[in-house]
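For reference, final35.txt (compact mmCIF, N, CA and C atoms):
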# COMPACT_ATOMS: atom_id res chain seq x y z
N MET A 585 -3.05 31.65 -40.84
CA MET A 585 -2.26 30.51 -40.43
C MET A 585 -1.51 30.78 -39.12
N ARG A 586 -1.09 32.04 -38.91
CA ARG A 586 -0.36 32.37 -37.68
C ARG A 586 -1.22 32.14 -36.45
N GLU A 587 -2.49 32.50 -36.55
CA GLU A 587 -3.39 32.35 -35.41
C GLU A 587 -3.57 30.88 -35.04
N ALA A 588 -3.53 30.00 -36.01
CA ALA A 588 -3.65 28.56 -35.75
C ALA A 588 -2.44 28.05 -34.96
N TYR A 589 -1.25 28.52 -35.29
CA TYR A 589 -0.05 28.11 -34.55
C TYR A 589 -0.12 28.58 -33.10
N TRP A 590 -0.61 29.78 -32.88
CA TRP A 590 -0.76 30.27 -31.50
C TRP A 590 -1.73 29.40 -30.72
N GLY A 591 -2.78 28.95 -31.38
CA GLY A 591 -3.74 28.05 -30.73
C GLY A 591 -3.10 26.72 -30.36
N TYR A 592 -2.27 26.17 -31.26
CA TYR A 592 -1.57 24.91 -30.97
C TYR A 592 -0.62 25.08 -29.79
N TRP A 593 0.14 26.16 -29.77
CA TRP A 593 1.07 26.40 -28.66
C TRP A 593 0.34 26.59 -27.34
N LEU A 594 -0.81 27.25 -27.40
CA LEU A 594 -1.60 27.44 -26.19
C LEU A 594 -2.11 26.10 -25.64
N ILE A 595 -2.57 25.23 -26.52
CA ILE A 595 -3.03 23.90 -26.10
C ILE A 595 -1.87 23.09 -25.55
N LEU A 596 -0.72 23.13 -26.20
CA LEU A 596 0.46 22.40 -25.73
C LEU A 596 0.90 22.92 -24.35
N LEU A 597 0.88 24.21 -24.15
CA LEU A 597 1.23 24.79 -22.84
C LEU A 597 0.25 24.34 -21.77
N GLY A 598 -1.03 24.30 -22.10
CA GLY A 598 -2.04 23.84 -21.14
C GLY A 598 -1.83 22.40 -20.73
N VAL A 599 -1.51 21.53 -21.69
CA VAL A 599 -1.24 20.12 -21.37
C VAL A 599 -0.01 20.01 -20.49
N PHE A 600 1.04 20.76 -20.77
CA PHE A 600 2.27 20.73 -19.98
C PHE A 600 2.00 21.17 -18.54
N VAL A 601 1.23 22.23 -18.35
CA VAL A 601 0.90 22.72 -17.00
C VAL A 601 0.08 21.69 -16.24
N ILE A 602 -0.85 21.03 -16.89
CA ILE A 602 -1.67 20.01 -16.23
C ILE A 602 -0.82 18.83 -15.78
N VAL A 603 0.14 18.41 -16.61
CA VAL A 603 1.02 17.30 -16.24
C VAL A 603 1.87 17.67 -15.03
N ILE A 604 2.43 18.85 -14.99
CA ILE A 604 3.24 19.30 -13.85
C ILE A 604 2.38 19.36 -12.59
N MET A 605 1.17 19.87 -12.69
CA MET A 605 0.28 19.95 -11.53
C MET A 605 -0.06 18.56 -11.00
N MET A 606 -0.25 17.59 -11.87
CA MET A 606 -0.57 16.23 -11.44
C MET A 606 0.61 15.61 -10.70
N LEU A 607 1.83 15.83 -11.17
CA LEU A 607 3.02 15.29 -10.49
C LEU A 607 3.19 15.90 -9.10
N VAL A 608 3.06 17.19 -8.99
CA VAL A 608 3.22 17.87 -7.70
C VAL A 608 2.09 17.48 -6.75
N SER A 609 0.88 17.37 -7.25
CA SER A 609 -0.25 16.98 -6.42
C SER A 609 -0.09 15.57 -5.88
N ASN A 610 0.43 14.66 -6.68
CA ASN A 610 0.65 13.29 -6.24
C ASN A 610 1.65 13.24 -5.10
N LEU A 611 2.72 14.01 -5.18
CA LEU A 611 3.73 14.01 -4.12
C LEU A 611 3.20 14.61 -2.83
N THR A 612 2.54 15.74 -2.90
CA THR A 612 2.09 16.41 -1.68
C THR A 612 0.93 15.68 -1.02
N THR A 613 0.01 15.15 -1.77
CA THR A 613 -1.11 14.42 -1.19
C THR A 613 -0.63 13.16 -0.50
N THR A 614 0.30 12.44 -1.10
CA THR A 614 0.84 11.23 -0.49
C THR A 614 1.53 11.57 0.81
N ASN A 615 2.29 12.64 0.87
CA ASN A 615 3.01 13.03 2.08
C ASN A 615 2.05 13.36 3.21
N THR A 616 1.02 14.14 2.94
CA THR A 616 0.06 14.51 3.97
C THR A 616 -0.72 13.30 4.46
N GLN A 617 -1.17 12.46 3.57
CA GLN A 617 -1.91 11.27 3.96
C GLN A 617 -1.05 10.33 4.80
N ASP A 618 0.20 10.15 4.41
CA ASP A 618 1.10 9.27 5.17
C ASP A 618 1.34 9.81 6.56
N TYR A 619 1.53 11.11 6.70
CA TYR A 619 1.80 11.69 8.02
C TYR A 619 0.64 11.43 8.98
N TYR A 620 -0.57 11.73 8.54
CA TYR A 620 -1.72 11.54 9.42
C TYR A 620 -2.02 10.05 9.66
N LEU A 621 -1.75 9.22 8.68
CA LEU A 621 -1.91 7.78 8.86
C LEU A 621 -0.95 7.27 9.92
N ILE A 622 0.30 7.69 9.86
CA ILE A 622 1.30 7.26 10.84
C ILE A 622 0.92 7.74 12.23
N LYS A 623 0.44 8.96 12.33
CA LYS A 623 0.06 9.52 13.62
C LYS A 623 -1.09 8.73 14.24
N GLU A 624 -2.13 8.46 13.47
CA GLU A 624 -3.29 7.72 13.99
C GLU A 624 -2.95 6.27 14.30
N VAL A 625 -2.15 5.63 13.46
CA VAL A 625 -1.77 4.24 13.71
C VAL A 625 -0.89 4.13 14.95
N THR A 626 0.00 5.09 15.15
CA THR A 626 0.84 5.08 16.35
C THR A 626 -0.01 5.22 17.61
N GLU A 627 -0.97 6.12 17.58
CA GLU A 627 -1.84 6.32 18.74
C GLU A 627 -2.63 5.05 19.06
N ALA A 628 -3.25 4.45 18.06
CA ALA A 628 -4.05 3.25 18.30
C ALA A 628 -3.18 2.07 18.75
N SER A 629 -1.99 1.95 18.19
CA SER A 629 -1.11 0.85 18.55
C SER A 629 -0.59 0.99 19.97
N MET A 630 -0.33 2.22 20.41
CA MET A 630 0.12 2.41 21.78
C MET A 630 -0.97 2.05 22.79
N VAL A 631 -2.19 2.42 22.48
CA VAL A 631 -3.30 2.07 23.38
C VAL A 631 -3.49 0.56 23.41
N ASP A 632 -3.36 -0.11 22.25
CA ASP A 632 -3.48 -1.57 22.21
C ASP A 632 -2.38 -2.27 22.99
N ALA A 633 -1.19 -1.67 23.04
CA ALA A 633 -0.04 -2.33 23.65
C ALA A 633 0.10 -2.08 25.15
N VAL A 634 -0.84 -1.38 25.78
CA VAL A 634 -0.76 -1.12 27.22
C VAL A 634 -0.86 -2.45 27.98
N ASP A 635 0.05 -2.65 28.92
CA ASP A 635 0.06 -3.85 29.77
C ASP A 635 -0.91 -3.60 30.93
N LEU A 636 -2.12 -4.15 30.80
CA LEU A 636 -3.16 -3.88 31.78
C LEU A 636 -2.85 -4.53 33.14
N ALA A 637 -2.22 -5.68 33.15
CA ALA A 637 -1.89 -6.34 34.43
C ALA A 637 -0.92 -5.48 35.22
N TYR A 638 0.09 -4.93 34.57
CA TYR A 638 1.06 -4.06 35.25
C TYR A 638 0.38 -2.78 35.73
N TYR A 639 -0.54 -2.26 34.94
CA TYR A 639 -1.25 -1.03 35.32
C TYR A 639 -2.12 -1.27 36.56
N ARG A 640 -2.77 -2.42 36.63
CA ARG A 640 -3.62 -2.72 37.79
C ARG A 640 -2.80 -2.91 39.06
N GLN A 641 -1.61 -3.46 38.93
CA GLN A 641 -0.76 -3.71 40.10
C GLN A 641 -0.09 -2.44 40.61
N SER A 642 0.47 -1.66 39.70
CA SER A 642 1.28 -0.52 40.13
C SER A 642 0.63 0.84 39.89
N GLY A 643 -0.34 0.92 39.02
CA GLY A 643 -0.97 2.19 38.71
C GLY A 643 -0.17 3.03 37.72
N GLU A 644 0.85 2.46 37.12
CA GLU A 644 1.67 3.16 36.12
C GLU A 644 1.49 2.51 34.76
N LEU A 645 1.60 3.33 33.73
CA LEU A 645 1.46 2.81 32.37
C LEU A 645 2.75 2.17 31.91
N LYS A 646 2.59 1.06 31.19
CA LYS A 646 3.72 0.37 30.58
C LYS A 646 3.18 -0.31 29.33
N ILE A 647 3.93 -0.23 28.24
CA ILE A 647 3.50 -0.88 27.02
C ILE A 647 4.39 -2.09 26.75
N ASN A 648 3.85 -3.02 25.99
CA ASN A 648 4.61 -4.18 25.56
C ASN A 648 5.20 -3.86 24.19
N ARG A 649 6.51 -3.93 24.10
CA ARG A 649 7.23 -3.53 22.88
C ARG A 649 6.81 -4.37 21.67
N GLU A 650 6.78 -5.69 21.84
CA GLU A 650 6.45 -6.57 20.72
C GLU A 650 5.01 -6.38 20.27
N LYS A 651 4.12 -6.18 21.22
CA LYS A 651 2.72 -5.98 20.87
C LYS A 651 2.53 -4.66 20.11
N PHE A 652 3.29 -3.63 20.50
CA PHE A 652 3.20 -2.35 19.79
C PHE A 652 3.65 -2.50 18.34
N VAL A 653 4.80 -3.15 18.14
CA VAL A 653 5.33 -3.31 16.78
C VAL A 653 4.37 -4.13 15.93
N GLU A 654 3.85 -5.21 16.49
CA GLU A 654 2.91 -6.06 15.76
C GLU A 654 1.65 -5.29 15.38
N SER A 655 1.09 -4.55 16.33
CA SER A 655 -0.13 -3.80 16.07
C SER A 655 0.12 -2.68 15.07
N PHE A 656 1.26 -2.00 15.20
CA PHE A 656 1.57 -0.91 14.27
C PHE A 656 1.69 -1.43 12.84
N LEU A 657 2.46 -2.49 12.66
CA LEU A 657 2.67 -3.02 11.31
C LEU A 657 1.37 -3.55 10.70
N ARG A 658 0.55 -4.20 11.51
CA ARG A 658 -0.72 -4.73 11.01
C ARG A 658 -1.64 -3.59 10.58
N ARG A 659 -1.80 -2.59 11.44
CA ARG A 659 -2.68 -1.46 11.12
C ARG A 659 -2.14 -0.65 9.94
N PHE A 660 -0.84 -0.44 9.89
CA PHE A 660 -0.25 0.35 8.82
C PHE A 660 -0.40 -0.37 7.48
N ALA A 661 -0.18 -1.69 7.47
CA ALA A 661 -0.28 -2.46 6.22
C ALA A 661 -1.71 -2.49 5.69
N GLU A 662 -2.69 -2.42 6.58
CA GLU A 662 -4.08 -2.45 6.14
C GLU A 662 -4.50 -1.16 5.44
N ASN A 663 -3.80 -0.06 5.67
CA ASN A 663 -4.26 1.24 5.21
C ASN A 663 -3.37 1.93 4.19
N VAL A 664 -2.27 1.35 3.79
CA VAL A 664 -1.35 2.07 2.90
C VAL A 664 -1.71 1.84 1.44
N THR A 665 -1.13 2.70 0.60
CA THR A 665 -1.30 2.59 -0.84
C THR A 665 -0.20 1.69 -1.40
N LEU A 666 -0.02 1.70 -2.70
CA LEU A 666 0.92 0.79 -3.34
C LEU A 666 2.34 1.34 -3.43
N ASN A 667 2.67 2.36 -2.69
CA ASN A 667 4.04 2.86 -2.68
C ASN A 667 4.95 1.91 -1.92
N THR A 668 6.25 2.15 -2.00
CA THR A 668 7.23 1.37 -1.25
C THR A 668 7.52 2.09 0.06
N TYR A 669 7.35 1.38 1.18
CA TYR A 669 7.55 1.97 2.50
C TYR A 669 8.66 1.24 3.24
N LYS A 670 9.39 1.99 4.04
CA LYS A 670 10.39 1.41 4.94
C LYS A 670 10.07 1.94 6.34
N VAL A 671 9.76 1.03 7.27
CA VAL A 671 9.37 1.41 8.62
C VAL A 671 10.52 1.11 9.57
N ASP A 672 10.93 2.13 10.35
CA ASP A 672 11.99 1.97 11.35
C ASP A 672 11.45 2.38 12.71
N PHE A 673 11.67 1.53 13.70
CA PHE A 673 11.36 1.86 15.08
C PHE A 673 12.69 2.15 15.75
N TYR A 674 12.98 3.40 16.02
CA TYR A 674 14.30 3.73 16.55
C TYR A 674 14.27 4.15 18.00
N GLY A 675 13.17 4.02 18.67
CA GLY A 675 13.13 4.31 20.09
C GLY A 675 11.81 3.86 20.68
N ILE A 676 11.80 2.71 21.31
CA ILE A 676 10.59 2.23 21.97
C ILE A 676 10.94 2.01 23.44
N TYR A 677 10.32 2.79 24.32
CA TYR A 677 10.53 2.66 25.76
C TYR A 677 9.23 2.16 26.37
N GLU A 678 9.35 1.11 27.16
CA GLU A 678 8.15 0.50 27.73
C GLU A 678 7.57 1.33 28.88
N ALA A 679 8.42 1.82 29.76
CA ALA A 679 7.93 2.61 30.91
C ALA A 679 8.89 3.76 31.13
N PRO A 680 8.47 4.96 31.05
CA PRO A 680 7.19 5.49 30.58
C PRO A 680 7.03 5.24 29.09
N PRO A 681 5.81 5.03 28.63
CA PRO A 681 5.59 4.65 27.23
C PRO A 681 5.92 5.77 26.25
N LYS A 682 6.97 5.53 25.45
CA LYS A 682 7.38 6.48 24.42
C LYS A 682 7.83 5.68 23.21
N VAL A 683 7.40 6.10 22.04
CA VAL A 683 7.83 5.44 20.81
C VAL A 683 8.28 6.49 19.81
N SER A 684 9.22 6.10 18.98
CA SER A 684 9.69 6.93 17.88
C SER A 684 9.68 6.07 16.63
N VAL A 685 8.94 6.52 15.63
CA VAL A 685 8.76 5.75 14.41
C VAL A 685 9.17 6.62 13.23
N ARG A 686 9.90 6.03 12.30
CA ARG A 686 10.29 6.72 11.06
C ARG A 686 9.80 5.88 9.89
N VAL A 687 9.03 6.50 9.00
CA VAL A 687 8.53 5.82 7.81
C VAL A 687 9.03 6.57 6.59
N THR A 688 9.75 5.86 5.74
CA THR A 688 10.28 6.44 4.52
C THR A 688 9.46 5.93 3.34
N THR A 689 8.95 6.84 2.56
CA THR A 689 8.15 6.50 1.39
C THR A 689 8.96 6.81 0.15
N GLN A 690 9.10 5.83 -0.72
CA GLN A 690 9.79 6.07 -1.98
C GLN A 690 8.74 6.21 -3.06
N THR A 691 8.72 7.35 -3.71
CA THR A 691 7.73 7.59 -4.75
C THR A 691 8.19 7.00 -6.06
N SER A 692 7.32 7.07 -7.03
CA SER A 692 7.65 6.57 -8.36
C SER A 692 8.78 7.41 -8.95
N SER A 693 9.51 6.84 -9.87
CA SER A 693 10.59 7.54 -10.53
C SER A 693 10.03 8.32 -11.72
N TYR A 694 10.37 9.59 -11.77
CA TYR A 694 9.93 10.44 -12.86
C TYR A 694 11.14 10.76 -13.73
N THR A 695 10.95 10.69 -15.04
CA THR A 695 12.03 10.99 -15.97
C THR A 695 11.78 12.35 -16.59
N VAL A 696 12.69 13.27 -16.30
CA VAL A 696 12.60 14.61 -16.85
C VAL A 696 13.91 14.88 -17.58
N ALA A 697 13.82 15.10 -18.88
CA ALA A 697 14.97 15.36 -19.74
C ALA A 697 16.01 14.25 -19.60
N ALA A 698 15.56 13.00 -19.68
CA ALA A 698 16.40 11.79 -19.62
C ALA A 698 17.13 11.65 -18.29
N ASP A 699 16.63 12.28 -17.25
CA ASP A 699 17.23 12.18 -15.92
C ASP A 699 16.17 11.63 -14.95
N PRO A 700 16.29 10.35 -14.55
CA PRO A 700 15.29 9.80 -13.63
C PRO A 700 15.41 10.42 -12.24
N THR A 701 14.29 10.86 -11.70
CA THR A 701 14.27 11.50 -10.40
C THR A 701 13.21 10.82 -9.54
N SER A 702 13.58 10.49 -8.30
CA SER A 702 12.60 9.97 -7.36
C SER A 702 12.76 10.73 -6.05
N PHE A 703 11.71 10.74 -5.27
CA PHE A 703 11.70 11.46 -4.02
C PHE A 703 11.53 10.48 -2.87
N ASP A 704 12.34 10.62 -1.84
CA ASP A 704 12.16 9.86 -0.62
C ASP A 704 11.55 10.81 0.41
N ILE A 705 10.37 10.50 0.86
CA ILE A 705 9.68 11.34 1.83
C ILE A 705 9.77 10.65 3.18
N VAL A 706 10.36 11.35 4.15
CA VAL A 706 10.58 10.77 5.48
C VAL A 706 9.65 11.44 6.47
N ASN A 707 8.85 10.64 7.17
CA ASN A 707 7.97 11.11 8.23
C ASN A 707 8.41 10.47 9.53
N GLU A 708 8.62 11.30 10.55
CA GLU A 708 9.04 10.81 11.86
C GLU A 708 8.00 11.22 12.90
N ILE A 709 7.65 10.29 13.77
CA ILE A 709 6.69 10.55 14.84
C ILE A 709 7.33 10.15 16.16
N ASP A 710 7.26 11.04 17.14
CA ASP A 710 7.64 10.75 18.52
C ASP A 710 6.37 10.88 19.35
N ALA A 711 5.96 9.80 20.02
CA ALA A 711 4.69 9.82 20.75
C ALA A 711 4.92 9.35 22.18
N ILE A 712 4.24 10.00 23.13
CA ILE A 712 4.31 9.66 24.55
C ILE A 712 2.89 9.40 25.04
N LEU A 713 2.68 8.26 25.68
CA LEU A 713 1.38 7.92 26.25
C LEU A 713 1.36 8.38 27.70
N GLU A 714 0.41 9.26 28.02
CA GLU A 714 0.33 9.80 29.37
C GLU A 714 -0.74 9.07 30.18
N LEU A 715 -0.79 9.32 31.47
CA LEU A 715 -1.64 8.56 32.38
C LEU A 715 -3.13 8.74 32.10
N ASP A 716 -3.56 9.90 31.64
CA ASP A 716 -4.99 10.08 31.37
C ASP A 716 -5.37 9.60 29.98
N ASN A 717 -4.59 8.63 29.46
CA ASN A 717 -4.83 7.97 28.18
C ASN A 717 -4.86 8.94 27.00
N THR A 718 -4.05 9.97 27.08
CA THR A 718 -3.89 10.84 25.93
C THR A 718 -2.49 10.64 25.38
N ILE A 719 -2.35 10.90 24.14
CA ILE A 719 -1.06 10.71 23.49
C ILE A 719 -0.58 12.05 22.98
N THR A 720 0.62 12.40 23.38
CA THR A 720 1.26 13.61 22.90
C THR A 720 2.24 13.18 21.82
N SER A 721 2.10 13.76 20.64
CA SER A 721 3.01 13.36 19.56
C SER A 721 3.53 14.60 18.87
N SER A 722 4.73 14.46 18.39
CA SER A 722 5.32 15.50 17.56
C SER A 722 5.95 14.81 16.37
N GLY A 723 5.83 15.41 15.22
CA GLY A 723 6.35 14.77 14.03
C GLY A 723 7.06 15.76 13.14
N THR A 724 7.95 15.23 12.32
CA THR A 724 8.65 16.05 11.35
C THR A 724 8.50 15.42 9.99
N GLN A 725 8.56 16.24 8.98
CA GLN A 725 8.49 15.77 7.61
C GLN A 725 9.72 16.27 6.88
N ASN A 726 10.46 15.33 6.29
CA ASN A 726 11.65 15.69 5.52
C ASN A 726 11.46 15.17 4.10
N ASN A 727 11.75 16.01 3.15
CA ASN A 727 11.68 15.59 1.75
C ASN A 727 13.09 15.50 1.22
N ASN A 728 13.53 14.29 0.94
CA ASN A 728 14.88 14.08 0.43
C ASN A 728 14.80 13.65 -1.03
N ILE A 729 15.54 14.32 -1.87
CA ILE A 729 15.56 13.98 -3.28
C ILE A 729 16.76 13.07 -3.52
N SER A 730 16.48 11.91 -4.13
CA SER A 730 17.59 11.02 -4.43
C SER A 730 17.65 10.72 -5.90
Take the structure in this file and express it as structure tokens.
Amino acid sequence: MREAYWGYWLILLGVFVIVIMMLVSNLTTTNTQDYYLIKEVTEASMVDAVDLAYYRQSGELKINREKFVESFLRRFAENVTLNTYKVDFYGIYEAPPKVSVRVTTQTSSYTVAADPTSFDIVNEIDAILELDNTITSSGTQNNNIS
């Protein structure tokens, strides 16, 4: 009978480890996917927002602020999952073209020992459009527990 109890405890431990791995995997995969999605959407939106008439006249790059925001939100909404997102544009400069975007993802609430826990994952991208149509971007990832 003792050996049977050890078998039950081993199965219970295995189920517990699998549940913990699924929770951690969900958080990290979402964070990585969101970061690269934001980076690619920012790049495409900046190229879409280039003011071609101004470029032909002066030879300098300039983006249209409203067109960038519209393109970013449209492209981002087409590709996101069912999480709750908050998008902030905290620095958009038309000439020279530079944008700063912050996207906060609120994950599902997990209850551990009657204590609900949720994670706010913050991704920030700073991107600069250069003359040879390349985009230099730097981003940070912050994980805030609330």
Would you list the residues near (8.0, 0.4, 30.3), meaning any protein, DNA or RNA residue with an atom at most 8 Å from that point in file coordinates, counting only N, CA and C atoms, as a PyMOL selection string? chain A and resi 645-649+676-682
Dump of N, CA and C atoms for the selected residues, as a CSV table (one decimal), in the coordinates of the input:
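Result file is result-v1.csv:
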chain,number,residue,atom,x,y,z
A,645,LEU,N,1.6,3.3,33.7
A,645,LEU,CA,1.5,2.8,32.4
A,645,LEU,C,2.8,2.2,31.9
A,646,LYS,N,2.6,1.1,31.2
A,646,LYS,CA,3.7,0.4,30.6
A,646,LYS,C,3.2,-0.3,29.3
A,647,ILE,N,3.9,-0.2,28.2
A,647,ILE,CA,3.5,-0.9,27.0
A,647,ILE,C,4.4,-2.1,26.8
A,648,ASN,N,3.8,-3.0,26.0
A,648,ASN,CA,4.6,-4.2,25.6
A,648,ASN,C,5.2,-3.9,24.2
A,649,ARG,N,6.5,-3.9,24.1
A,649,ARG,CA,7.2,-3.5,22.9
A,649,ARG,C,6.8,-4.4,21.7
A,676,ILE,N,11.8,2.7,21.3
A,676,ILE,CA,10.6,2.2,22.0
A,676,ILE,C,10.9,2.0,23.4
A,677,TYR,N,10.3,2.8,24.3
A,677,TYR,CA,10.5,2.7,25.8
A,677,TYR,C,9.2,2.2,26.4
A,678,GLU,N,9.4,1.1,27.2
A,678,GLU,CA,8.2,0.5,27.7
A,678,GLU,C,7.6,1.3,28.9
A,679,ALA,N,8.4,1.8,29.8
A,679,ALA,CA,7.9,2.6,30.9
A,679,ALA,C,8.9,3.8,31.1
A,680,PRO,N,8.5,5.0,31.0
A,680,PRO,CA,7.2,5.5,30.6
A,680,PRO,C,7.0,5.2,29.1
A,681,PRO,N,5.8,5.0,28.6
A,681,PRO,CA,5.6,4.6,27.2
A,681,PRO,C,5.9,5.8,26.2
A,682,LYS,N,7.0,5.5,25.4
A,682,LYS,CA,7.4,6.5,24.4
A,682,LYS,C,7.8,5.7,23.2
Selected residue of minimal separation from Glu708 in chain A among A:Phe652, A:Tyr638, A:Trp590, A:Tyr674, counting only C-alpha atoms: A:Tyr674
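Across the model, the gap from CA of Lys651 in chain A to CA of Tyr669 in chain A is 20.6 Å.
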What's around Val683 in chain A at 6.5 Å? Count all atoms listed in the file, leave out sequence neighbours fewer than 3 positions away in its own chain, and write the answer as a list in words. Gly675, Ile676, Tyr677, Ile709, Asp710, Ala711, Ile712 and Leu713 of chain A
Would you put the residues from that selection into a file with N, CA and C atoms, as a PDB file, in the coordinates of the input?
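Once everything was written out, this is out09.pdb:
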ATOM      1  N   GLY A 675      13.170   4.020  18.670  1.00  0.00           N
ATOM      2  CA  GLY A 675      13.130   4.310  20.090  1.00  0.00           C
ATOM      3  C   GLY A 675      11.810   3.860  20.680  1.00  0.00           C
ATOM      4  N   ILE A 676      11.800   2.710  21.310  1.00  0.00           N
ATOM      5  CA  ILE A 676      10.590   2.230  21.970  1.00  0.00           C
ATOM      6  C   ILE A 676      10.940   2.010  23.440  1.00  0.00           C
ATOM      7  N   TYR A 677      10.320   2.790  24.320  1.00  0.00           N
ATOM      8  CA  TYR A 677      10.530   2.660  25.760  1.00  0.00           C
ATOM      9  C   TYR A 677       9.230   2.160  26.370  1.00  0.00           C
ATOM     10  N   ILE A 709       7.650  10.290  13.770  1.00  0.00           N
ATOM     11  CA  ILE A 709       6.690  10.550  14.840  1.00  0.00           C
ATOM     12  C   ILE A 709       7.330  10.150  16.160  1.00  0.00           C
ATOM     13  N   ASP A 710       7.260  11.040  17.140  1.00  0.00           N
ATOM     14  CA  ASP A 710       7.640  10.750  18.520  1.00  0.00           C
ATOM     15  C   ASP A 710       6.370  10.880  19.350  1.00  0.00           C
ATOM     16  N   ALA A 711       5.960   9.800  20.020  1.00  0.00           N
ATOM     17  CA  ALA A 711       4.690   9.820  20.750  1.00  0.00           C
ATOM     18  C   ALA A 711       4.920   9.350  22.180  1.00  0.00           C
ATOM     19  N   ILE A 712       4.240  10.000  23.130  1.00  0.00           N
ATOM     20  CA  ILE A 712       4.310   9.660  24.550  1.00  0.00           C
ATOM     21  C   ILE A 712       2.890   9.400  25.040  1.00  0.00           C
ATOM     22  N   LEU A 713       2.680   8.260  25.680  1.00  0.00           N
ATOM     23  CA  LEU A 713       1.380   7.920  26.250  1.00  0.00           C
ATOM     24  C   LEU A 713       1.360   8.380  27.700  1.00  0.00           C
TER      25      LEU A 713
END
Shell of 8 Å around Val653 in chain A, only N, CA and C atoms, local chain residues under 5 positions omitted, as an mmCIF file with N, CA and C atoms, in the frame of the given file:
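Writing done, so here's out_17.cif:
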data_model
loop_
_atom_site.group_PDB
_atom_site.id
_atom_site.type_symbol
_atom_site.label_atom_id
_atom_site.label_comp_id
_atom_site.auth_asym_id
_atom_site.auth_seq_id
_atom_site.Cartn_x
_atom_site.Cartn_y
_atom_site.Cartn_z
ATOM 1 N N SER A 629 -1.990 1.950 18.190
ATOM 2 C CA SER A 629 -1.110 0.850 18.550
ATOM 3 C C SER A 629 -0.590 0.990 19.970
ATOM 4 N N MET A 630 -0.330 2.220 20.410
ATOM 5 C CA MET A 630 0.120 2.410 21.780
ATOM 6 C C MET A 630 -0.970 2.050 22.790
ATOM 7 N N ALA A 633 -1.190 -1.670 23.040
ATOM 8 C CA ALA A 633 -0.040 -2.330 23.650
ATOM 9 C C ALA A 633 0.100 -2.080 25.150
ATOM 10 N N ASN A 648 3.850 -3.020 25.990
ATOM 11 C CA ASN A 648 4.610 -4.180 25.560
ATOM 12 C C ASN A 648 5.200 -3.860 24.190
ATOM 13 N N ARG A 658 0.550 -4.200 11.510
ATOM 14 C CA ARG A 658 -0.720 -4.730 11.010
ATOM 15 C C ARG A 658 -1.640 -3.590 10.580
ATOM 16 N N ARG A 659 -1.800 -2.590 11.440
ATOM 17 C CA ARG A 659 -2.680 -1.460 11.120
ATOM 18 C C ARG A 659 -2.140 -0.650 9.940
#
Provide the atom N of Val687 in chain A to atom C of Phe673 in chain A distance in Å, to one decimal place.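 Spanning atom N of Val687 in chain A to atom C of Phe673 in chain A is a straight-line distance of 8.8 Å.
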Pick out the closest residue to Thr668 in chain A from this set: A:Thr616, A:Asp635, A:Glu650, A:Thr689. Count only N, CA and C atoms.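 Using only N, CA and C atoms, Thr668 in chain A sits closest to A:Thr689.
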Between A:Ile604, A:Glu644, A:Leu596, A:Val625, which has the minimum distance to Asn663 in chain A (counting only C-alpha atoms)?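 Between A:Ile604, A:Glu644, A:Leu596, A:Val625, the residue approaching Asn663 in chain A most closely is A:Val625.
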Interatomic distance, CA of Ile622 in chain A to CA of Val608 in chain A (Å, one decimal):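 Calculated distance between CA of Ile622 in chain A and CA of Val608 in chain A is 21.4 Å.
Closest approach to Phe703 in chain A from the set A:Leu636, A:Arg586, A:Gly643, A:Asn615 is made by A:Asn615, with distances taken over only C-alpha atoms.
Selecting alpha helix (DSSP H) from the backbone DSSP output for range 627-717 of chain A yields Glu627, Ala628, Ser629, Met630, Val631, Asp632, Leu636, Ala637, Tyr638, Tyr639, Arg640, Gln641, Ser642, Arg649, Glu650, Lys651, Phe652, Val653, Glu654, Ser655, Phe656, Leu657, Arg658, Arg659, Phe660, Ala661, Glu662 and Asn663 of chain A.
Candidate residues A:Asn707, A:Leu657, A:Val631, A:Ala697 were compared for distance to Asp618 in chain A, and the nearest is A:Asn707, using all atoms listed in the file.
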